[in-house]
Amino acid sequence: QVIWYRDGNFTKTVNDIYGHKKGDEVLVRISEIIVNNTPDNAIIARLGGDEFVAVITGNSTKEYITSIVLKILEDIRWCKKKDKVFDVISGSVGIAVNLDSKKGLDDILGKADKAMYFAKEKGKDTYAFFEECENKIKYEKEIVKDVINAIDEGRILVKYHPIMHLQSSRIVSTEACCFLKRSNGTILGRNDFRPILVKNKLIHSIDMFVYEQVCKDYIKYKDINNKRNKICVQFSHLLLIDDEKIAELLKVTKEYGLQTESIELNFDESIFSG
């Protein structure tokens, strides 16, 4: 069994706010909590930064491992009541239980690591078993594979939804929404596939395809759109940290002769999350 504990980026946060000495004290305290709540025969290691791993030999039930994890998280929450430095700490725990040891420790650690990232997606101070998220991992791989040729095959669809002022019923803007037509014919809304592509850093080509399509449609129907309502286009926050991608966006805008006030970029909320 492998328990993989990670605490975001607390090492840097604590060091920056309280100093390296306090950061070291926190690391020691977390390691003590993990050691105190795991069996004597467990192998505990700090992998670097804010990541710890516990390898527990022998067969154990999910209920037993869950009780260990809950106690670790509970003890860390208790520390927050005693020391304000722990306020910046919130852990995510990935667990891999009773896996085939013949595949080697690296395989087991890798699965616990994947489970930890799924736990992180669920929120702060949470845990996840690899077995429970295995189907989700498989599904995400299928979506990533399906998207690779989606643009060339015409399977990225752009539709427009009016945004209306509730009191006057006046259309104030238009929202561009993208859909993925999977190779099996099913249609996925943007919320069903965009987060997967953002996580795998494959979203930019889709965002740029949608943006360019919006530019084409805006020019094509400009005579109909007399009031020139803005068109809202969703982008990943990853755009803002890549100067080359920003330059590409501006280039497309210039090529179609659009004024910047004609398009409104809406960034996903990930940019505001820690």
# chains A, B, ... in the order shown; residues from 1 in each chain; ligands from 1
call {"tool": "closest_atom_pairs", "arguments": {"of": "stretch 24-73 of chain A", "to": "stretch 114-134 of chain A", "cutoff": "10 Å", "atoms": "only C-alpha atoms", "output": "Markdown table"}}
result
| residue | atom | partner | partner_atom | distance |
| --- | --- | --- | --- | --- |
| A:Lys62 | CA | A:Phe129 | CA | 8.7 |
| A:Ile65 | CA | A:Phe129 | CA | 9.9 |
| A:Thr66 | CA | A:Tyr127 | CA | 8.6 |
| A:Val69 | CA | A:Tyr127 | CA | 7.6 |
| A:Leu70 | CA | A:Tyr127 | CA | 8.6 |
| A:Ile72 | CA | A:Asp125 | CA | 9.9 |
| A:Leu73 | CA | A:Asp125 | CA | 6.5 |
call {"tool": "residues_around", "arguments": {"residues": "A:Ser183", "least_positions_apart": "6", "cutoff": "10 Å", "atoms": "only C-alpha atoms", "output": "list in words"}}
result
Ile143, Asp146, Val147, Asn149, Ala150, Glu153 and Arg155 of chain A
call {"tool": "write_last_selection", "arguments": {"atoms": "N, CA and C atoms", "output": "compact mmCIF listing (two decimals), in the first residue's frame"}}
result
# COMPACT_ATOMS: atom_id res chain seq x y z
N ILE A 143 -10.37 11.02 -24.21
CA ILE A 143 -10.71 12.37 -24.67
C ILE A 143 -9.50 13.03 -25.31
N ASP A 146 -8.91 11.57 -28.60
CA ASP A 146 -9.98 11.95 -29.53
C ASP A 146 -9.81 13.37 -30.05
N VAL A 147 -9.21 14.25 -29.25
CA VAL A 147 -9.10 15.65 -29.61
C VAL A 147 -7.97 15.91 -30.60
N ASN A 149 -7.01 14.91 -33.49
CA ASN A 149 -7.35 15.16 -34.89
C ASN A 149 -8.70 15.84 -35.07
N ALA A 150 -9.28 16.32 -33.97
CA ALA A 150 -10.64 16.85 -34.01
C ALA A 150 -10.76 18.09 -34.90
N GLU A 153 -10.51 17.17 -38.58
CA GLU A 153 -11.66 16.36 -39.01
C GLU A 153 -12.99 17.11 -38.86
N ARG A 155 -14.45 18.33 -36.15
CA ARG A 155 -15.26 17.87 -35.03
C ARG A 155 -15.29 18.85 -33.86
call {"tool": "select_by_dssp", "arguments": {"residues": "stretch 63-208 of chain A", "states": "helix (DSSP H, G or I)", "output": "count of residues only"}}
result
79
call {"tool": "residues_around", "arguments": {"residues": "stretch 24-39 of chain A", "least_positions_apart": "4", "cutoff": "12 Å", "atoms": "only C-alpha atoms", "output": "number ranges by chain"}}
result
A: 1-7, 10-15, 18-20, 43-58, 60, 64-80, 83-91, 93
call {"tool": "closest_residue", "arguments": {"among": "A:Lys103, A:His237, A:Lys22, A:Lys230", "to": "A:His161", "atoms": "only C-alpha atoms"}}
result
A:Lys230
call {"tool": "residues_around", "arguments": {"residues": "stretch 214-218 of chain A", "least_positions_apart": "4", "cutoff": "12 Å", "atoms": "only C-alpha atoms", "output": "mmCIF file with all heavy atoms, in the first residue's frame"}}
result
data_model
loop_
_atom_site.group_PDB
_atom_site.id
_atom_site.type_symbol
_atom_site.label_atom_id
_atom_site.label_comp_id
_atom_site.auth_asym_id
_atom_site.auth_seq_id
_atom_site.Cartn_x
_atom_site.Cartn_y
_atom_site.Cartn_z
ATOM 1 N N LEU A 157 -17.020 22.144 -32.911
ATOM 2 C CA LEU A 157 -18.167 22.920 -33.372
ATOM 3 C C LEU A 157 -18.287 24.205 -32.572
ATOM 4 O O LEU A 157 -18.115 24.201 -31.348
ATOM 5 C CB LEU A 157 -19.450 22.096 -33.226
ATOM 6 C CG LEU A 157 -19.387 20.646 -33.744
ATOM 7 C CD1 LEU A 157 -20.694 19.930 -33.439
ATOM 8 C CD2 LEU A 157 -19.085 20.619 -35.243
ATOM 9 N N VAL A 158 -18.576 25.308 -33.245
ATOM 10 C CA VAL A 158 -18.741 26.604 -32.588
ATOM 11 C C VAL A 158 -20.185 27.060 -32.757
ATOM 12 O O VAL A 158 -20.684 27.183 -33.873
ATOM 13 C CB VAL A 158 -17.787 27.658 -33.168
ATOM 14 C CG1 VAL A 158 -17.972 28.994 -32.442
ATOM 15 C CG2 VAL A 158 -16.333 27.197 -33.060
ATOM 16 N N LYS A 159 -20.848 27.282 -31.642
ATOM 17 C CA LYS A 159 -22.228 27.759 -31.648
ATOM 18 C C LYS A 159 -22.298 29.057 -30.847
ATOM 19 O O LYS A 159 -21.444 29.323 -29.994
ATOM 20 C CB LYS A 159 -23.171 26.720 -31.024
ATOM 21 C CG LYS A 159 -23.110 25.339 -31.674
ATOM 22 C CD LYS A 159 -23.621 25.353 -33.091
ATOM 23 C CE LYS A 159 -23.594 23.962 -33.705
ATOM 24 N NZ LYS A 159 -24.088 23.963 -35.109
ATOM 25 N N TYR A 160 -23.328 29.858 -31.117
ATOM 26 C CA TYR A 160 -23.444 31.163 -30.465
ATOM 27 C C TYR A 160 -24.725 31.245 -29.635
ATOM 28 O O TYR A 160 -25.800 30.848 -30.092
ATOM 29 C CB TYR A 160 -23.432 32.277 -31.513
ATOM 30 C CG TYR A 160 -22.134 32.339 -32.283
ATOM 31 C CD1 TYR A 160 -22.014 31.712 -33.525
ATOM 32 C CD2 TYR A 160 -21.024 33.001 -31.757
ATOM 33 C CE1 TYR A 160 -20.811 31.750 -34.216
ATOM 34 C CE2 TYR A 160 -19.832 33.040 -32.455
ATOM 35 C CZ TYR A 160 -19.733 32.409 -33.684
ATOM 36 O OH TYR A 160 -18.535 32.449 -34.364
ATOM 37 N N THR A 174 -22.871 38.321 -27.220
ATOM 38 C CA THR A 174 -23.048 36.954 -27.703
ATOM 39 C C THR A 174 -21.908 36.095 -27.192
ATOM 40 O O THR A 174 -20.750 36.522 -27.191
ATOM 41 C CB THR A 174 -23.065 36.925 -29.242
ATOM 42 O OG1 THR A 174 -24.110 37.794 -29.707
ATOM 43 C CG2 THR A 174 -23.324 35.522 -29.754
ATOM 44 N N GLU A 175 -22.216 34.910 -26.745
ATOM 45 C CA GLU A 175 -21.184 34.004 -26.215
ATOM 46 C C GLU A 175 -20.906 32.895 -27.223
ATOM 47 O O GLU A 175 -21.816 32.241 -27.718
ATOM 48 C CB GLU A 175 -21.638 33.393 -24.899
ATOM 49 C CG GLU A 175 -20.594 32.478 -24.271
ATOM 50 C CD GLU A 175 -21.060 31.877 -22.961
ATOM 51 O OE1 GLU A 175 -22.285 31.812 -22.740
ATOM 52 O OE2 GLU A 175 -20.197 31.476 -22.172
ATOM 53 N N ALA A 176 -19.632 32.722 -27.542
ATOM 54 C CA ALA A 176 -19.220 31.632 -28.425
ATOM 55 C C ALA A 176 -18.968 30.382 -27.586
ATOM 56 O O ALA A 176 -18.175 30.417 -26.646
ATOM 57 C CB ALA A 176 -17.966 32.017 -29.187
ATOM 58 N N CYS A 177 -19.649 29.309 -27.901
ATOM 59 C CA CYS A 177 -19.493 28.058 -27.146
ATOM 60 C C CYS A 177 -18.965 26.967 -28.076
ATOM 61 O O CYS A 177 -19.428 26.835 -29.207
ATOM 62 C CB CYS A 177 -20.835 27.614 -26.569
ATOM 63 S SG CYS A 177 -21.578 28.811 -25.435
ATOM 64 N N CYS A 178 -17.992 26.221 -27.606
ATOM 65 C CA CYS A 178 -17.446 25.155 -28.444
ATOM 66 C C CYS A 178 -17.918 23.790 -27.946
ATOM 67 O O CYS A 178 -18.145 23.591 -26.754
ATOM 68 C CB CYS A 178 -15.919 25.208 -28.475
ATOM 69 S SG CYS A 178 -15.105 24.890 -26.910
ATOM 70 N N ASP A 207 -8.656 26.597 -28.299
ATOM 71 C CA ASP A 207 -9.039 27.985 -28.036
ATOM 72 C C ASP A 207 -8.774 28.868 -29.252
ATOM 73 O O ASP A 207 -9.594 29.718 -29.613
ATOM 74 C CB ASP A 207 -8.286 28.526 -26.819
ATOM 75 C CG ASP A 207 -8.872 28.043 -25.497
ATOM 76 O OD1 ASP A 207 -9.973 27.452 -25.520
ATOM 77 O OD2 ASP A 207 -8.243 28.260 -24.447
ATOM 78 N N MET A 208 -7.619 28.675 -29.883
ATOM 79 C CA MET A 208 -7.261 29.502 -31.036
ATOM 80 C C MET A 208 -8.147 29.177 -32.241
ATOM 81 O O MET A 208 -8.521 30.074 -33.018
ATOM 82 C CB MET A 208 -5.794 29.322 -31.398
ATOM 83 C CG MET A 208 -4.838 30.034 -30.454
ATOM 84 S SD MET A 208 -5.183 31.808 -30.264
ATOM 85 C CE MET A 208 -5.087 32.377 -31.966
ATOM 86 N N PHE A 209 -8.506 27.914 -32.410
ATOM 87 C CA PHE A 209 -9.407 27.541 -33.500
ATOM 88 C C PHE A 209 -10.759 28.229 -33.316
ATOM 89 O O PHE A 209 -11.318 28.795 -34.269
ATOM 90 C CB PHE A 209 -9.602 26.026 -33.541
ATOM 91 C CG PHE A 209 -10.671 25.585 -34.504
ATOM 92 C CD1 PHE A 209 -10.392 25.481 -35.861
ATOM 93 C CD2 PHE A 209 -11.954 25.295 -34.054
ATOM 94 C CE1 PHE A 209 -11.390 25.087 -36.762
ATOM 95 C CE2 PHE A 209 -12.944 24.908 -34.942
ATOM 96 C CZ PHE A 209 -12.662 24.802 -36.300
ATOM 97 N N VAL A 210 -11.285 28.176 -32.090
ATOM 98 C CA VAL A 210 -12.575 28.814 -31.798
ATOM 99 C C VAL A 210 -12.470 30.320 -32.009
ATOM 100 O O VAL A 210 -13.354 30.946 -32.624
ATOM 101 C CB VAL A 210 -13.024 28.502 -30.354
ATOM 102 C CG1 VAL A 210 -14.260 29.320 -29.983
ATOM 103 C CG2 VAL A 210 -13.303 27.009 -30.198
ATOM 104 N N LYS A 222 -21.078 40.932 -40.189
ATOM 105 C CA LYS A 222 -21.002 42.257 -39.584
ATOM 106 C C LYS A 222 -22.140 43.168 -40.037
ATOM 107 O O LYS A 222 -22.569 44.055 -39.300
ATOM 108 C CB LYS A 222 -19.651 42.903 -39.862
ATOM 109 C CG LYS A 222 -19.378 43.200 -41.324
ATOM 110 C CD LYS A 222 -18.007 43.850 -41.462
ATOM 111 C CE LYS A 222 -17.708 44.151 -42.951
ATOM 112 N NZ LYS A 222 -16.377 44.789 -43.093
ATOM 113 N N ASP A 223 -22.632 42.971 -41.269
ATOM 114 C CA ASP A 223 -23.724 43.808 -41.753
ATOM 115 C C ASP A 223 -25.038 43.477 -41.050
ATOM 116 O O ASP A 223 -25.904 44.338 -40.878
ATOM 117 C CB ASP A 223 -23.893 43.634 -43.263
ATOM 118 C CG ASP A 223 -22.691 44.168 -44.040
ATOM 119 O OD1 ASP A 223 -22.026 45.085 -43.515
ATOM 120 O OD2 ASP A 223 -22.423 43.658 -45.145
ATOM 121 N N ILE A 224 -25.187 42.212 -40.649
ATOM 122 C CA ILE A 224 -26.388 41.812 -39.914
ATOM 123 C C ILE A 224 -26.308 42.295 -38.476
ATOM 124 O O ILE A 224 -27.283 42.762 -37.896
ATOM 125 C CB ILE A 224 -26.547 40.275 -39.951
ATOM 126 C CG1 ILE A 224 -26.688 39.814 -41.403
ATOM 127 C CG2 ILE A 224 -27.742 39.829 -39.121
ATOM 128 C CD1 ILE A 224 -26.744 38.315 -41.550
ATOM 129 N N ASN A 225 -25.108 42.218 -37.933
ATOM 130 C CA ASN A 225 -24.883 42.630 -36.547
ATOM 131 C C ASN A 225 -24.656 44.142 -36.506
ATOM 132 O O ASN A 225 -23.570 44.618 -36.217
ATOM 133 C CB ASN A 225 -23.671 41.871 -35.966
ATOM 134 C CG ASN A 225 -23.455 42.190 -34.496
ATOM 135 O OD1 ASN A 225 -24.340 42.678 -33.812
ATOM 136 N ND2 ASN A 225 -22.251 41.908 -34.020
ATOM 137 N N ASN A 226 -25.712 44.897 -36.793
ATOM 138 C CA ASN A 226 -25.567 46.349 -36.908
ATOM 139 C C ASN A 226 -25.107 47.000 -35.614
ATOM 140 O O ASN A 226 -24.362 47.974 -35.620
ATOM 141 C CB ASN A 226 -26.900 46.973 -37.352
ATOM 142 C CG ASN A 226 -27.266 46.558 -38.771
ATOM 143 O OD1 ASN A 226 -26.392 46.454 -39.613
ATOM 144 N ND2 ASN A 226 -28.556 46.324 -39.009
ATOM 145 N N ARG A 228 -23.238 45.749 -33.510
ATOM 146 C CA ARG A 228 -21.891 45.291 -33.190
ATOM 147 C C ARG A 228 -21.748 44.861 -31.726
ATOM 148 O O ARG A 228 -20.915 45.370 -30.987
ATOM 149 C CB ARG A 228 -20.863 46.401 -33.498
ATOM 150 C CG ARG A 228 -20.715 46.709 -34.978
ATOM 151 C CD ARG A 228 -20.139 45.490 -35.707
ATOM 152 N NE ARG A 228 -19.918 45.763 -37.095
ATOM 153 C CZ ARG A 228 -18.755 46.213 -37.588
ATOM 154 N NH1 ARG A 228 -17.757 46.431 -36.769
ATOM 155 N NH2 ARG A 228 -18.609 46.426 -38.874
ATOM 156 N N ASN A 229 -22.603 43.956 -31.298
ATOM 157 C CA ASN A 229 -22.481 43.437 -29.944
ATOM 158 C C ASN A 229 -21.177 42.663 -29.792
ATOM 159 O O ASN A 229 -20.714 42.014 -30.720
ATOM 160 C CB ASN A 229 -23.658 42.507 -29.626
ATOM 161 C CG ASN A 229 -24.974 43.257 -29.526
ATOM 162 O OD1 ASN A 229 -25.010 44.342 -28.973
ATOM 163 N ND2 ASN A 229 -26.030 42.684 -30.071
ATOM 164 N N LYS A 230 -20.629 42.720 -28.622
ATOM 165 C CA LYS A 230 -19.400 41.978 -28.346
ATOM 166 C C LYS A 230 -19.655 40.480 -28.425
ATOM 167 O O LYS A 230 -20.744 40.011 -28.121
ATOM 168 C CB LYS A 230 -18.877 42.309 -26.946
ATOM 169 C CG LYS A 230 -18.181 43.641 -26.813
ATOM 170 C CD LYS A 230 -17.620 43.774 -25.417
ATOM 171 C CE LYS A 230 -16.867 45.089 -25.265
ATOM 172 N NZ LYS A 230 -16.304 45.226 -23.897
ATOM 173 N N ILE A 231 -18.616 39.770 -28.813
ATOM 174 C CA ILE A 231 -18.669 38.316 -28.749
ATOM 175 C C ILE A 231 -17.698 37.857 -27.666
ATOM 176 O O ILE A 231 -16.522 38.239 -27.662
ATOM 177 C CB ILE A 231 -18.299 37.671 -30.096
ATOM 178 C CG1 ILE A 231 -19.295 38.119 -31.178
ATOM 179 C CG2 ILE A 231 -18.300 36.157 -29.980
ATOM 180 C CD1 ILE A 231 -19.058 37.490 -32.527
ATOM 181 N N CYS A 232 -18.202 37.059 -26.735
ATOM 182 C CA CYS A 232 -17.383 36.572 -25.617
ATOM 183 C C CYS A 232 -16.798 35.207 -25.980
ATOM 184 O O CYS A 232 -17.526 34.309 -26.400
ATOM 185 C CB CYS A 232 -18.229 36.455 -24.354
ATOM 186 S SG CYS A 232 -19.078 37.988 -23.898
ATOM 187 N N VAL A 233 -15.496 35.089 -25.801
ATOM 188 C CA VAL A 233 -14.799 33.841 -26.126
ATOM 189 C C VAL A 233 -14.044 33.367 -24.887
ATOM 190 O O VAL A 233 -13.326 34.143 -24.249
ATOM 191 C CB VAL A 233 -13.808 34.037 -27.291
ATOM 192 C CG1 VAL A 233 -13.182 32.707 -27.689
ATOM 193 C CG2 VAL A 233 -14.497 34.683 -28.487
ATOM 194 N N GLN A 234 -14.202 32.097 -24.573
ATOM 195 C CA GLN A 234 -13.526 31.543 -23.397
ATOM 196 C C GLN A 234 -12.102 31.121 -23.744
ATOM 197 O O GLN A 234 -11.851 30.514 -24.784
ATOM 198 C CB GLN A 234 -14.286 30.347 -22.839
ATOM 199 C CG GLN A 234 -13.699 29.824 -21.521
ATOM 200 C CD GLN A 234 -14.551 28.727 -20.918
ATOM 201 O OE1 GLN A 234 -15.482 28.229 -21.543
ATOM 202 N NE2 GLN A 234 -14.246 28.338 -19.699
ATOM 203 N N LEU A 249 -2.444 35.418 -30.639
ATOM 204 C CA LEU A 249 -3.809 35.930 -30.528
ATOM 205 C C LEU A 249 -3.926 37.320 -31.172
ATOM 206 O O LEU A 249 -4.868 37.589 -31.936
ATOM 207 C CB LEU A 249 -4.200 35.997 -29.051
ATOM 208 C CG LEU A 249 -5.598 36.537 -28.730
ATOM 209 C CD1 LEU A 249 -6.659 35.525 -29.100
ATOM 210 C CD2 LEU A 249 -5.706 36.901 -27.256
ATOM 211 N N LEU A 250 -2.984 38.189 -30.879
ATOM 212 C CA LEU A 250 -2.995 39.547 -31.434
ATOM 213 C C LEU A 250 -2.820 39.519 -32.951
ATOM 214 O O LEU A 250 -3.424 40.320 -33.676
ATOM 215 C CB LEU A 250 -1.896 40.388 -30.785
ATOM 216 C CG LEU A 250 -2.078 40.663 -29.287
ATOM 217 C CD1 LEU A 250 -0.854 41.378 -28.725
ATOM 218 C CD2 LEU A 250 -3.338 41.483 -29.039
ATOM 219 N N LYS A 251 -2.006 38.587 -33.427
ATOM 220 C CA LYS A 251 -1.782 38.463 -34.869
ATOM 221 C C LYS A 251 -3.074 38.090 -35.594
ATOM 222 O O LYS A 251 -3.408 38.675 -36.633
ATOM 223 C CB LYS A 251 -0.704 37.409 -35.142
ATOM 224 C CG LYS A 251 -0.386 37.216 -36.622
ATOM 225 C CD LYS A 251 0.667 36.126 -36.812
ATOM 226 C CE LYS A 251 0.929 35.891 -38.310
ATOM 227 N NZ LYS A 251 1.910 34.802 -38.515
ATOM 228 N N VAL A 252 -3.812 37.124 -35.043
ATOM 229 C CA VAL A 252 -5.076 36.704 -35.651
ATOM 230 C C VAL A 252 -6.071 37.864 -35.636
ATOM 231 O O VAL A 252 -6.776 38.115 -36.630
ATOM 232 C CB VAL A 252 -5.658 35.484 -34.906
ATOM 233 C CG1 VAL A 252 -7.079 35.186 -35.380
ATOM 234 C CG2 VAL A 252 -4.766 34.272 -35.113
ATOM 235 N N THR A 253 -6.122 38.578 -34.521
ATOM 236 C CA THR A 253 -7.027 39.725 -34.405
ATOM 237 C C THR A 253 -6.722 40.763 -35.481
ATOM 238 O O THR A 253 -7.627 41.290 -36.142
ATOM 239 C CB THR A 253 -6.897 40.372 -33.013
ATOM 240 O OG1 THR A 253 -7.115 39.381 -32.003
ATOM 241 C CG2 THR A 253 -7.919 41.487 -32.840
ATOM 242 N N LYS A 254 -5.447 41.031 -35.695
ATOM 243 C CA LYS A 254 -5.019 42.026 -36.688
ATOM 244 C C LYS A 254 -5.317 41.554 -38.111
ATOM 245 O O LYS A 254 -5.747 42.331 -38.968
ATOM 246 C CB LYS A 254 -3.530 42.312 -36.522
ATOM 247 C CG LYS A 254 -3.010 43.436 -37.407
ATOM 248 C CD LYS A 254 -1.546 43.723 -37.119
ATOM 249 C CE LYS A 254 -1.027 44.854 -38.010
ATOM 250 N NZ LYS A 254 0.411 45.138 -37.727
ATOM 251 N N GLU A 255 -5.107 40.262 -38.368
ATOM 252 C CA GLU A 255 -5.342 39.708 -39.708
ATOM 253 C C GLU A 255 -6.785 39.899 -40.158
ATOM 254 O O GLU A 255 -7.051 40.147 -41.334
ATOM 255 C CB GLU A 255 -4.993 38.216 -39.724
ATOM 256 C CG GLU A 255 -3.502 37.934 -39.765
ATOM 257 C CD GLU A 255 -3.216 36.438 -39.757
ATOM 258 O OE1 GLU A 255 -4.189 35.644 -39.689
ATOM 259 O OE2 GLU A 255 -2.027 36.062 -39.814
ATOM 260 N N TYR A 256 -7.715 39.806 -39.232
ATOM 261 C CA TYR A 256 -9.132 39.937 -39.577
ATOM 262 C C TYR A 256 -9.630 41.370 -39.406
ATOM 263 O O TYR A 256 -10.820 41.643 -39.622
ATOM 264 C CB TYR A 256 -9.972 38.972 -38.749
ATOM 265 C CG TYR A 256 -9.805 37.542 -39.203
ATOM 266 C CD1 TYR A 256 -8.844 36.714 -38.627
ATOM 267 C CD2 TYR A 256 -10.582 37.017 -40.233
ATOM 268 C CE1 TYR A 256 -8.670 35.408 -39.057
ATOM 269 C CE2 TYR A 256 -10.427 35.708 -40.659
ATOM 270 C CZ TYR A 256 -9.460 34.912 -40.073
ATOM 271 O OH TYR A 256 -9.292 33.612 -40.504
ATOM 272 N N GLY A 257 -8.749 42.258 -39.010
ATOM 273 C CA GLY A 257 -9.103 43.666 -38.906
ATOM 274 C C GLY A 257 -10.108 43.986 -37.826
ATOM 275 O O GLY A 257 -10.847 44.970 -37.923
ATOM 276 N N LEU A 258 -10.141 43.163 -36.767
ATOM 277 C CA LEU A 258 -11.089 43.401 -35.683
ATOM 278 C C LEU A 258 -10.539 44.422 -34.688
ATOM 279 O O LEU A 258 -9.335 44.468 -34.421
ATOM 280 C CB LEU A 258 -11.394 42.098 -34.941
ATOM 281 C CG LEU A 258 -12.653 41.348 -35.385
ATOM 282 C CD1 LEU A 258 -12.488 40.846 -36.802
ATOM 283 C CD2 LEU A 258 -12.949 40.218 -34.430
ATOM 284 N N GLN A 259 -11.426 45.220 -34.176
ATOM 285 C CA GLN A 259 -11.073 46.098 -33.074
ATOM 286 C C GLN A 259 -11.083 45.274 -31.782
ATOM 287 O O GLN A 259 -11.915 44.374 -31.625
ATOM 288 C CB GLN A 259 -12.070 47.255 -32.963
ATOM 289 C CG GLN A 259 -12.156 48.123 -34.212
ATOM 290 C CD GLN A 259 -10.837 48.825 -34.504
ATOM 291 O OE1 GLN A 259 -10.186 49.330 -33.597
ATOM 292 N NE2 GLN A 259 -10.456 48.853 -35.775
ATOM 293 N N THR A 260 -10.171 45.569 -30.908
ATOM 294 C CA THR A 260 -10.069 44.773 -29.677
ATOM 295 C C THR A 260 -11.347 44.837 -28.857
ATOM 296 O O THR A 260 -11.655 43.895 -28.112
ATOM 297 C CB THR A 260 -8.881 45.250 -28.823
ATOM 298 O OG1 THR A 260 -8.994 46.674 -28.617
ATOM 299 C CG2 THR A 260 -7.564 44.950 -29.513
ATOM 300 N N SER A 262 -14.248 44.561 -29.927
ATOM 301 C CA SER A 262 -15.278 43.711 -30.530
ATOM 302 C C SER A 262 -15.353 42.348 -29.866
ATOM 303 O O SER A 262 -16.389 41.682 -29.921
ATOM 304 C CB SER A 262 -14.990 43.512 -32.032
ATOM 305 O OG SER A 262 -14.920 44.757 -32.699
ATOM 306 N N ILE A 263 -14.254 41.927 -29.264
ATOM 307 C CA ILE A 263 -14.169 40.599 -28.653
ATOM 308 C C ILE A 263 -13.872 40.737 -27.168
ATOM 309 O O ILE A 263 -13.045 41.549 -26.755
ATOM 310 C CB ILE A 263 -13.053 39.756 -29.307
ATOM 311 C CG1 ILE A 263 -13.240 39.693 -30.826
ATOM 312 C CG2 ILE A 263 -13.015 38.363 -28.703
ATOM 313 C CD1 ILE A 263 -14.409 38.865 -31.279
ATOM 314 N N GLU A 264 -14.546 39.946 -26.388
ATOM 315 C CA GLU A 264 -14.274 39.913 -24.949
ATOM 316 C C GLU A 264 -13.761 38.529 -24.580
ATOM 317 O O GLU A 264 -14.415 37.524 -24.866
ATOM 318 C CB GLU A 264 -15.548 40.220 -24.163
ATOM 319 C CG GLU A 264 -15.346 40.208 -22.647
ATOM 320 C CD GLU A 264 -16.617 40.550 -21.910
ATOM 321 O OE1 GLU A 264 -17.060 41.709 -21.998
ATOM 322 O OE2 GLU A 264 -17.180 39.644 -21.251
ATOM 323 N N LEU A 265 -12.584 38.487 -23.971
ATOM 324 C CA LEU A 265 -12.003 37.208 -23.570
ATOM 325 C C LEU A 265 -12.416 36.885 -22.139
ATOM 326 O O LEU A 265 -12.226 37.692 -21.233
ATOM 327 C CB LEU A 265 -10.475 37.254 -23.669
ATOM 328 C CG LEU A 265 -9.875 37.630 -25.028
ATOM 329 C CD1 LEU A 265 -8.359 37.512 -24.976
ATOM 330 C CD2 LEU A 265 -10.450 36.776 -26.154
#
call {"tool": "atom_distance", "arguments": {"atom1": "atom CA of A:Asn191", "atom2": "atom CA of A:Lys141"}}
result
16.3 Å
call {"tool": "atom_distance", "arguments": {"atom1": "atom CA of A:Gln213", "atom2": "atom CA of A:Leu180"}}
result
14.7 Å
call {"tool": "closest_residue", "arguments": {"among": "A:Ile137, A:Ile95, A:Ile241, A:Val144", "to": "A:Leu197", "atoms": "only C-alpha atoms"}}
result
A:Val144
call {"tool": "atom_distance", "arguments": {"atom1": "atom CA of A:Tyr139", "atom2": "atom CA of A:Ile196"}}
result
9.8 Å
call {"tool": "residues_around", "arguments": {"residues": "A:Val198", "least_positions_apart": "3", "cutoff": "10 Å", "atoms": "only C-alpha atoms", "output": "NGL selection string"}}
result
:A and (193-195 or 201-204 or 235-238 or 268 or 270)
call {"tool": "select_by_dssp", "arguments": {"residues": "stretch 5-127 of chain A", "states": "strand (DSSP E or B)", "output": "JSON, numbers by chain"}}
result
{"A": [5, 6, 43, 44, 45, 46, 47, 48, 51, 52, 53, 54, 55, 92, 93, 94, 95, 96, 126, 127]}
